[in-house]
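Accompanying notes for the structure given below.
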2 protein chains.
Amino acid sequence: MATIRDVARHAGVAISTASAALNRSAPVSADVIAKVEAAVRELGYVPHGGAQSLRSGQSRLIGLIVPSITNPHFAAVARIIENVCLNAGYLSMVFSTGQDSERENHILRMLRQQRVAGLIIIPTRSDLEHGQRLKREIHVPTVLLDMFVEGLAYNVVKLDNIAATRIATQHLIDLGHRRIAVLTGIAELATSKDRLAGYLEAHRDAELAVDPDLLLKGDYDQSLATRSVSAAMRLADPPTALLSISNMMTLGALHALHDLGLAAPADLSIVGIDDFDFAELLAPPLTVVRVPLASMAERAIDIMLDLIAGRRRANSETDLFFPELVIRGSTRRLPRA
Amino acid sequence: MATIRDVARHAGVAISTASAALNRSAPVSADVIAKVEAAVRELGYVPHGGAQSLRSGQSRLIGLIVPSITNPHFAAVARIIENVCLNAGYLSMVFSTGQDSERENHILRMLRQQRVAGLIIIPTRSDLEHGQRLKREIHVPTVLLDMFVEGLAYNVVKLDNIAATRIATQHLIDLGHRRIAVLTGIAELATSKDRLAGYLEAHRDAELAVDPDLLLKGDYDQSLATRSVSAAMRLADPPTALLSISNMMTLGALHALHDLGLAAPADLSIVGIDDFDFAELLAPPLTVVRVPLASMAERAIDIMLDLIAGRRRANSETDLFFPELVIRGSTRRLPRA
DNA sequence: TTGCGAAGTCGAAACGTTTCGTATACAGCA
DNA sequence: TGCTGTATACGAAACGTTTCGACTTCGCAA
């Protein structure tokens, strides 16, 4: 592989001059620039990123850590961040934690080994202990996406999660539902807590009691959601509506109904948080709360690049985005008993 | 950031000894290993990947290039490869080409700059010209996934695409369909050609003529597929069945029916290539040809790691995988006219 | 004419590793 | 006792860059 030494020799200049010509980091005559660029083309020279990172102390790598790349929600995030990075001369590196803190930690370490310039993370937990662990492990500009973590002075870009479930629940209440189940998330996660809070808030506002039996266990994954919903539907007094706080669990709920020979919205009105391409084509088309994901991802990477460039200083400000209810076919007015 | 020099000093040994202790690359006493490892922990030392790559001439990075990470099909591939890499001490870097050769080229260059140890690619084109371009741009072990490219002596892991569409088409013919439309792909792609070939083969076998009007334009994306199917359904003599050669286009077809107030399978039987999580939950549940994707991705990364380790030599052998028809609700027997 | 600053170029050091040849210590053997 | 071999440890070079101080050259002002 050609090195900059080859390029310099080929162009008849010193290595330092070749470097300056390529990076425009010092005044170089147009003539020399032309010769150097010609040499680069001729030799097919591509700089050694490792050497650059070693010498300059900064890489052009940005790490992105999401729960799972197979979730269309996060795939969309990855795609957007990849694009912005590529346009800015950076490279994004995407990894899935599978909600496993150990794995998250391992990924963090590997990313640190690559000396990534910045990190965008959807963390696996949001408690203080985890915050301290992250603080210990991370030494670069970081933006928290989708979720806040205790004790971390990082910028946060997230949804108004309370509002998201509040308007979703409100919608169900407006349709006359009184027994509204909720597929909850992981108790340790701030996002889950907030989403549950929104559900409770809507009940309080409507002066509706909450039946603990209708707080269904979930873990953001399909299979547990399927089981939980199955169980709920077999209750003596089953729910007439369901709020699912994440897209994969919504799918799980659909599966459960399918397995039981039931259907939405006839047997159960369903509203999910988080729209996605397929939602409209499902049976039934899903009523969802849309999360302005593209904007959120863009904001996150913008902040990141600002942070790296020193145009902005890290702080713990939160950029809050607002959800929007999209009514489709999976919810219906509850007929009078 | 702590360097290996700090570690060495802290452990009271020479740098080279510390290195040997960490990499087990030379005999080091258990005593010293313990001291070095203690120092590593205490200082939070993480080696500088760039420096390692510079000095040793090899990185632990593997590039994965797919058409689009937002396609659940490819997201699944990415996830599998990420896992295998992580377990093998490698890091995968995933990028989406958007079927754009220029972008593919740009990504290739950036990956070359990072000195990735290997590449797994689903290429944007399969003609000879593109093959030569790739050959020029790539200097590391490479595995072609999902598609063959002319003039490249790389290992290929792909589906028996002809069989895939043949059995799909055969299924429709068996159900009595005679006017079967096909949503084709990009003409330059070997995979598309093969899939069209399978469709034609099935017709030939059944001694059925092919109506050119039923060869619908597609580009692996939703929107064109939607338009093509819309147009087809407005034909004087519309098709009674549709074969879609990729999942996103199947969704597009569904959208088209939806927009026209039509439904599958009543107005059109649909079979798509490529199963995915949502297929079962769509309206209707999709009849598809399942692609053994997980196995394919695993095989690809296995070959890759073998290639890197020198346990295997690059060649142009093809690992062929076989599809399987999964009959669900989107196809039905054509009632007699 | 001299002096001075700017433009352009160069050489060498440094970044953090790995690797390889060499040094030391000690045990075993003659 | 002296020699050889083995097990460890060390020192220094090298990987490909960027960066910085130093050196020319040249134009221009004094």
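For the structure tokens, the naming scheme is as follows: chains receive sequential letters (A, B, ...) according to their order of presentation, residues are indexed from 1 within each chain, and ligands are indexed from 1 in presentation order.
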
Hey, which bits of chain A sit within 9 Å of chain C, and for each residue what's the closest pair of atoms and how far apart in Å (one decimal), counting only C-alpha atoms (C1' of nucleotides), rows by chain and increasing number, as JSON lines?
{"residue": "A:Val13", "atom": "CA", "partner": "C:DT9", "partner_atom": "C1'", "distance": 8.2}
{"residue": "A:Ala14", "atom": "CA", "partner": "C:DC10", "partner_atom": "C1'", "distance": 6.3}
{"residue": "A:Ile15", "atom": "CA", "partner": "C:DC10", "partner_atom": "C1'", "distance": 8.6}
{"residue": "A:Ser16", "atom": "CA", "partner": "C:DC10", "partner_atom": "C1'", "distance": 7.4}
{"residue": "A:Thr17", "atom": "CA", "partner": "C:DT9", "partner_atom": "C1'", "distance": 6.7}
{"residue": "A:Pro27", "atom": "CA", "partner": "C:DG8", "partner_atom": "C1'", "distance": 6.8}
{"residue": "A:Val28", "atom": "CA", "partner": "C:DG8", "partner_atom": "C1'", "distance": 6.2}
{"residue": "A:Ser29", "atom": "CA", "partner": "C:DG8", "partner_atom": "C1'", "distance": 7.0}
{"residue": "A:Ala51", "atom": "CA", "partner": "C:DC15", "partner_atom": "C1'", "distance": 8.4}
{"residue": "A:Ser53", "atom": "CA", "partner": "C:DC15", "partner_atom": "C1'", "distance": 8.6}
{"residue": "A:Leu54", "atom": "CA", "partner": "C:DC15", "partner_atom": "C1'", "distance": 5.2}
{"residue": "A:Arg55", "atom": "CA", "partner": "C:DC15", "partner_atom": "C1'", "distance": 4.3}
{"residue": "A:Ser56", "atom": "CA", "partner": "C:DC15", "partner_atom": "C1'", "distance": 7.4}
{"residue": "A:Gly57", "atom": "CA", "partner": "C:DC15", "partner_atom": "C1'", "distance": 7.6}

With C-alpha atoms retained, could you export that selection as a tab-separated table (two decimals), in the first residue's frame?
chain	number	residue	atom	x	y	z
A	13	VAL	CA	8.44	17.09	-2.46
A	14	ALA	CA	9.03	16.51	1.24
A	15	ILE	CA	6.66	14.37	3.26
A	16	SER	CA	5.61	17.32	5.34
A	17	THR	CA	4.79	19.28	2.22
A	27	PRO	CA	0.29	27.35	2.67
A	28	VAL	CA	1.37	25.27	-0.29
A	29	SER	CA	1.73	26.47	-3.87
A	51	ALA	CA	-1.57	6.58	11.91
A	53	SER	CA	-5.42	9.04	14.78
A	54	LEU	CA	-2.21	8.14	16.53
A	55	ARG	CA	-0.35	11.25	15.58
A	56	SER	CA	-3.15	13.80	15.65
A	57	GLY	CA	-4.87	12.39	18.69

Chain B near chain A within 9 Å: what's each residue's closest atom pair and its distance in Å to one decimal, counting only C-alpha atoms, ordered by chain then ascending residue number, as a tab-separated table?
residue	atom	partner	partner_atom	distance
B:Met1	CA	A:His139	CA	8.8
B:Gly44	CA	A:Glu137	CA	8.5
B:Val46	CA	A:Gln113	CA	5.8
B:Pro47	CA	A:Gln113	CA	5.8
B:His48	CA	A:Gln113	CA	5.4
B:Gly49	CA	A:Gln114	CA	5.0
B:Gly50	CA	A:Gly50	CA	3.6
B:Ala51	CA	A:Leu54	CA	5.9
B:Gln52	CA	A:Gly50	CA	8.1
B:Ser53	CA	A:Gly50	CA	6.3
B:Leu54	CA	A:Ala51	CA	5.9
B:Ser59	CA	A:Gly50	CA	8.9
B:Ser68	CA	A:Arg79	CA	7.9
B:Ile69	CA	A:Ala75	CA	6.0
B:Thr70	CA	A:Ala75	CA	5.0
B:Asn71	CA	A:Pro72	CA	7.8
B:Pro72	CA	A:Thr70	CA	6.2
B:His73	CA	A:Thr70	CA	8.6
B:Phe74	CA	A:Thr70	CA	8.5
B:Ala75	CA	A:Thr70	CA	5.0
B:Ala76	CA	A:Thr70	CA	5.7
B:Val77	CA	A:Thr70	CA	9.0
B:Ala78	CA	A:Ile69	CA	7.7
B:Arg79	CA	A:Ile69	CA	6.6
B:Glu82	CA	A:Phe95	CA	7.3
B:Asn83	CA	A:Ser96	CA	8.9
B:Leu86	CA	A:Ile107	CA	8.2
B:Gly89	CA	A:Met110	CA	8.9
B:Tyr90	CA	A:Met110	CA	8.8
B:Leu91	CA	A:Met110	CA	7.5
B:Ser92	CA	A:Met93	CA	7.7
B:Met93	CA	A:Met93	CA	5.4
B:Val94	CA	A:Met93	CA	6.8
B:Phe95	CA	A:Glu82	CA	7.3
B:Ser96	CA	A:Arg79	CA	7.4
B:His106	CA	A:Leu86	CA	8.8
B:Ile107	CA	A:Leu86	CA	8.2
B:Arg109	CA	A:Val46	CA	7.5
B:Met110	CA	A:Leu91	CA	7.6
B:Leu111	CA	A:Leu91	CA	8.7
B:Arg112	CA	A:Val46	CA	7.2
B:Gln113	CA	A:Gly49	CA	5.2
B:Gln114	CA	A:Gly49	CA	5.0
B:Arg115	CA	A:His48	CA	6.9
B:Arg136	CA	A:Gly44	CA	9.0
B:Glu137	CA	A:Gly44	CA	8.5
B:His139	CA	A:Met1	CA	8.8
B:Leu251	CA	A:Leu281	CA	7.7
B:Leu254	CA	A:Leu281	CA	7.2
B:His255	CA	A:Leu281	CA	7.3
B:His258	CA	A:Leu281	CA	8.5
B:Phe278	CA	A:Phe278	CA	7.6
B:Ala279	CA	A:Leu282	CA	8.7
B:Glu280	CA	A:His255	CA	8.8
B:Leu281	CA	A:Leu282	CA	5.8
B:Leu282	CA	A:Leu282	CA	4.1
B:Ala283	CA	A:Ala283	CA	4.5
B:Pro284	CA	A:Ala283	CA	6.9
B:Pro285	CA	A:Ala283	CA	8.2

Any idea what the distance is between atom CA of A:Ile120 and atom CA of A:Ser192? 19.7 Å

Residues of chain D at most 12 Å from chain B: nearest atom pair and distance in Å, only C-alpha atoms (C1' of nucleotides), as a tab-separated table:
residue	atom	partner	partner_atom	distance
D:DT6	C1'	B:Pro27	CA	11.3
D:DA7	C1'	B:Pro27	CA	7.7
D:DT8	C1'	B:Val28	CA	6.3
D:DA9	C1'	B:Thr17	CA	6.6
D:DC10	C1'	B:Ala14	CA	6.2
D:DG11	C1'	B:Ser16	CA	8.6
D:DA12	C1'	B:Ser16	CA	10.3
D:DA13	C1'	B:Arg55	CA	11.3
D:DA14	C1'	B:Arg55	CA	7.6
D:DC15	C1'	B:Arg55	CA	4.4
D:DG16	C1'	B:Leu54	CA	7.1
D:DT17	C1'	B:Leu54	CA	9.8

Could you find all residues in stretch 153-333 of chain B that DSSP calls strand (DSSP E) from the backbone, and write them as a ChimeraX atom specification? /B:155-159,180-183,215-216,241-244,269-273,287-290,318-321,324-326
